[in-house]
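**Student:** Dumping the structure here so I can ask a few things about it.
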Amino acid sequence: MKLHLSALNCRMITSAEAVEAMVEVVPWEEVPESLEQKRIDYLAERKRPLRARYAYGIIFLITNLWAWFVRDYAQRVLPELHYMKSCGSGGNDCFHTLGVLRVSLGSFIFFFLMFLTTSNTRKLCEARNAWHSGWWGLKFFILLISMVVPLFVPSDSVQIYGEFARVGAGIFLLLQLISVIQFINWWNKYWMPDEQKKQSCSLGLFMSTLFYIASMSGIAFMYSSHVMKSSCVLNIFFITWTTILLIVMMVISLHSTVNRGLLSSGIMASYIVFLCWSAIRSEPANEECNRQKQGNVNGDWSTILGFLIAICSIVMATFSTGIDSESFQFQKDEVQEDDDIPYKYGFFHLTFSLGAMYFAMLFISWNLNNSAKKWSIDVGWTSTWVKIVNEWFAASIFLWTLISPVLRQSKVMDHEEPVQELDNSAVP
């Protein structure tokens, strides 16, 4: 059954007040049926924003593909842009690196407008909920305008946006990292043994072993494939330091004062090994320690497949971070009511606006001056160091999540001991 917004009751009253009001109007035996029907209506209304988030994900995927097209092929396919004053001589300022930044700016404008118009939405009956979940014709028109407007922006202003996009992409990586760590902690609690549920630890132990085997296999693979010579000092440093971080996380997780088990540290170990491998893969192809072929200008099938997988990974990372607003709530014990929205719309669109900056940095390899090669994404020394720093930052935050509860507990105990001594001295 399709529910119109006008049929929703937007008054913020408690369940007890609702029942009391209905008792005065209708017989008591009809009250449970009315409340149940209202709940069914709310559940039907909640499906609309749940479906809408996939539509926004598709829009974000289309903008990613459009940015790739503008970077690699638009100069030949769209000769009309050559005559635009803002595109410079020959239209070069609307293609390649600046072309990607213009597409990114258009995507940022659209999702930031959605953030401004849906922020602080709380109830399904609000008009902002209808705007987030519907009005697709108007939103596609706004999206089209948002994509066209950056074509008239001067190149110097686009360069300034590119500097801001670096910062926004860094913030996006931080949000993504927090989301990943929260997911790891949730998964660790899910697989840990529970006496009440009579849940065995054998499955959790198996998963821990699996992740550690995958991590050590990844370390061995990187040593064999990316350290062909003893002169590959930087790769040796990256891989060795990742191995040290892996061991440190395992030891701290198993320490008696922490006692967090091996599952969470095993998952994080696999994650930082993946980041290290991805960083080494981002090294320029002409380096002697990188086995990637330099001659693939047009791209072979493996390069094209890897490129498409990378684009899908960008979209999935943005989507999963956007719907994970619970990881960034300061009050996590809030009671979810039937008429509450299923996720935070403002945070969702803000994440996508930052994701627009992030995909621009990947397409231009974080370099505002040089244009990336065809079918390449996130390749260059800047990209390598961004991923390495992200890996180290991820390990540091994870280690802090392991140690901080112990430090807080020790401070509480140190504070309670003097109070207890004062109480004992006061007793005659």
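Letters A, B, ... mark the chains of the structure tokens in the order given; residue numbers begin at 1 per chain; ligand numbers begin at 1, in order shown.
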Which of range 33-157 of chain A counts as alpha helix (DSSP H) under DSSP, as a count of residues only please?
**Tutor:** 90
**Student:** Counting only C-alpha atoms, which of A:Ile272, A:Met84, A:Ile219, A:Ile62 gets nearest to Ile236 in chain A?
**Tutor:**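 Comparing A:Ile272, A:Met84, A:Ile219, A:Ile62 against Ile236 in chain A, the winner is A:Ile219.
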**Student:** Using only C-alpha atoms, pick whichever of A:Leu175, A:Leu254, A:Leu151, A:Ala395 has the shortest atom-to-atom distance to Thr242 in chain A.
**Tutor:** A:Ala395
**Student:** Can you list every residue of range 116-229 of chain A that has an atom at most 8 Å from range 51-56 of chain A, with its nearest atom pair and the distance in Å to one decimal, using only C-alpha atoms, ordered by chain then number, as a Markdown table?
**Tutor:**
```
| residue | atom | partner | partner_atom | distance |
| --- | --- | --- | --- | --- |
| A:His132 | CA | A:Ala52 | CA | 7.5 |
| A:Ser133 | CA | A:Ala52 | CA | 5.3 |
| A:Gly134 | CA | A:Ala52 | CA | 7.7 |
```
**Student:** Grab the CA of Lys123 in chain A to CA of Leu350 in chain A distance for me, in Å with one decimal place.
**Tutor:**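 Interatomic distance here is 19.1 Å.
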**Student:** What's the 12 Å shell around Asn185 in chain A, counting only C-alpha atoms, without same-chain residues fewer than 5 positions away, as a list in words?
**Tutor:**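 Skipping anything fewer than 5 positions along the chain leaves Ile178, Ser179, Val180, Tyr190, Trp191, Met192, Arg260, Gly261, Leu262, Leu263, Ser264, Ser265, Gly266, Ile267, Met268, Ser327, Phe398, Thr401 and Leu402 of chain A.
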**Student:** Name the residues in contact with Cys276 in chain A at a cut-off of 9 Å, using only C-alpha atoms, excluding same-chain residues fewer than 6 positions from it; report them as a PyMOL selection string.
**Tutor:** chain A and resi 222+238-239+242+384+387-388+391
**Student:** Go through A:Glu126, A:Glu163, A:Asp72, A:Glu45 and flag the residue nearest Leu101 in chain A, using only C-alpha atoms for the distances.
**Tutor:** A:Glu163
**Student:** Write out as a list in words each polymer residue whose atoms come within 8 Å of Thr382 in chain A, counting only C-alpha atoms; drop sequence neighbours fewer than 4 positions from it.
**Tutor:** Ser365, Trp366, Asn367 and Val386 of chain A
**Student:** Okay, now the selection with all heavy atoms, as a PDB file, in the first residue's frame?
**Tutor:**
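Saved result, result_27.pdb, follows:
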```pdb
ATOM      1  N   SER A 365      45.352  11.158  -9.908  1.00  0.00           N
ATOM      2  CA  SER A 365      46.467  10.669  -9.083  1.00  0.00           C
ATOM      3  C   SER A 365      46.971  11.735  -8.115  1.00  0.00           C
ATOM      4  O   SER A 365      48.177  11.848  -7.868  1.00  0.00           O
ATOM      5  CB  SER A 365      47.613  10.178  -9.980  1.00  0.00           C
ATOM      6  OG  SER A 365      47.176   9.111 -10.796  1.00  0.00           O
ATOM      7  N   TRP A 366      46.060  12.541  -7.562  1.00  0.00           N
ATOM      8  CA  TRP A 366      46.347  13.565  -6.563  1.00  0.00           C
ATOM      9  C   TRP A 366      47.276  14.650  -7.089  1.00  0.00           C
ATOM     10  O   TRP A 366      47.866  15.404  -6.325  1.00  0.00           O
ATOM     11  CB  TRP A 366      46.945  12.949  -5.301  1.00  0.00           C
ATOM     12  CG  TRP A 366      46.055  11.947  -4.624  1.00  0.00           C
ATOM     13  CD1 TRP A 366      45.877  10.638  -4.974  1.00  0.00           C
ATOM     14  CD2 TRP A 366      45.211  12.167  -3.493  1.00  0.00           C
ATOM     15  NE1 TRP A 366      44.984  10.025  -4.133  1.00  0.00           N
ATOM     16  CE2 TRP A 366      44.560  10.941  -3.204  1.00  0.00           C
ATOM     17  CE3 TRP A 366      44.957  13.270  -2.684  1.00  0.00           C
ATOM     18  CZ2 TRP A 366      43.670  10.802  -2.161  1.00  0.00           C
ATOM     19  CZ3 TRP A 366      44.072  13.128  -1.625  1.00  0.00           C
ATOM     20  CH2 TRP A 366      43.440  11.905  -1.377  1.00  0.00           C
ATOM     21  N   ASN A 367      47.435  14.737  -8.401  1.00  0.00           N
ATOM     22  CA  ASN A 367      48.353  15.687  -9.022  1.00  0.00           C
ATOM     23  C   ASN A 367      47.549  16.663  -9.880  1.00  0.00           C
ATOM     24  O   ASN A 367      46.917  16.252 -10.853  1.00  0.00           O
ATOM     25  CB  ASN A 367      49.393  14.959  -9.868  1.00  0.00           C
ATOM     26  CG  ASN A 367      50.549  15.849 -10.267  1.00  0.00           C
ATOM     27  OD1 ASN A 367      50.411  17.061 -10.334  1.00  0.00           O
ATOM     28  ND2 ASN A 367      51.692  15.244 -10.530  1.00  0.00           N
ATOM     29  N   VAL A 386      49.964   8.528  -0.223  1.00  0.00           N
ATOM     30  CA  VAL A 386      48.648   8.704   0.407  1.00  0.00           C
ATOM     31  C   VAL A 386      48.150   7.380   0.986  1.00  0.00           C
ATOM     32  O   VAL A 386      47.643   7.322   2.115  1.00  0.00           O
ATOM     33  CB  VAL A 386      47.633   9.272  -0.610  1.00  0.00           C
ATOM     34  CG1 VAL A 386      46.209   9.150  -0.082  1.00  0.00           C
ATOM     35  CG2 VAL A 386      47.948  10.731  -0.914  1.00  0.00           C
TER      36      VAL A 386
END
```
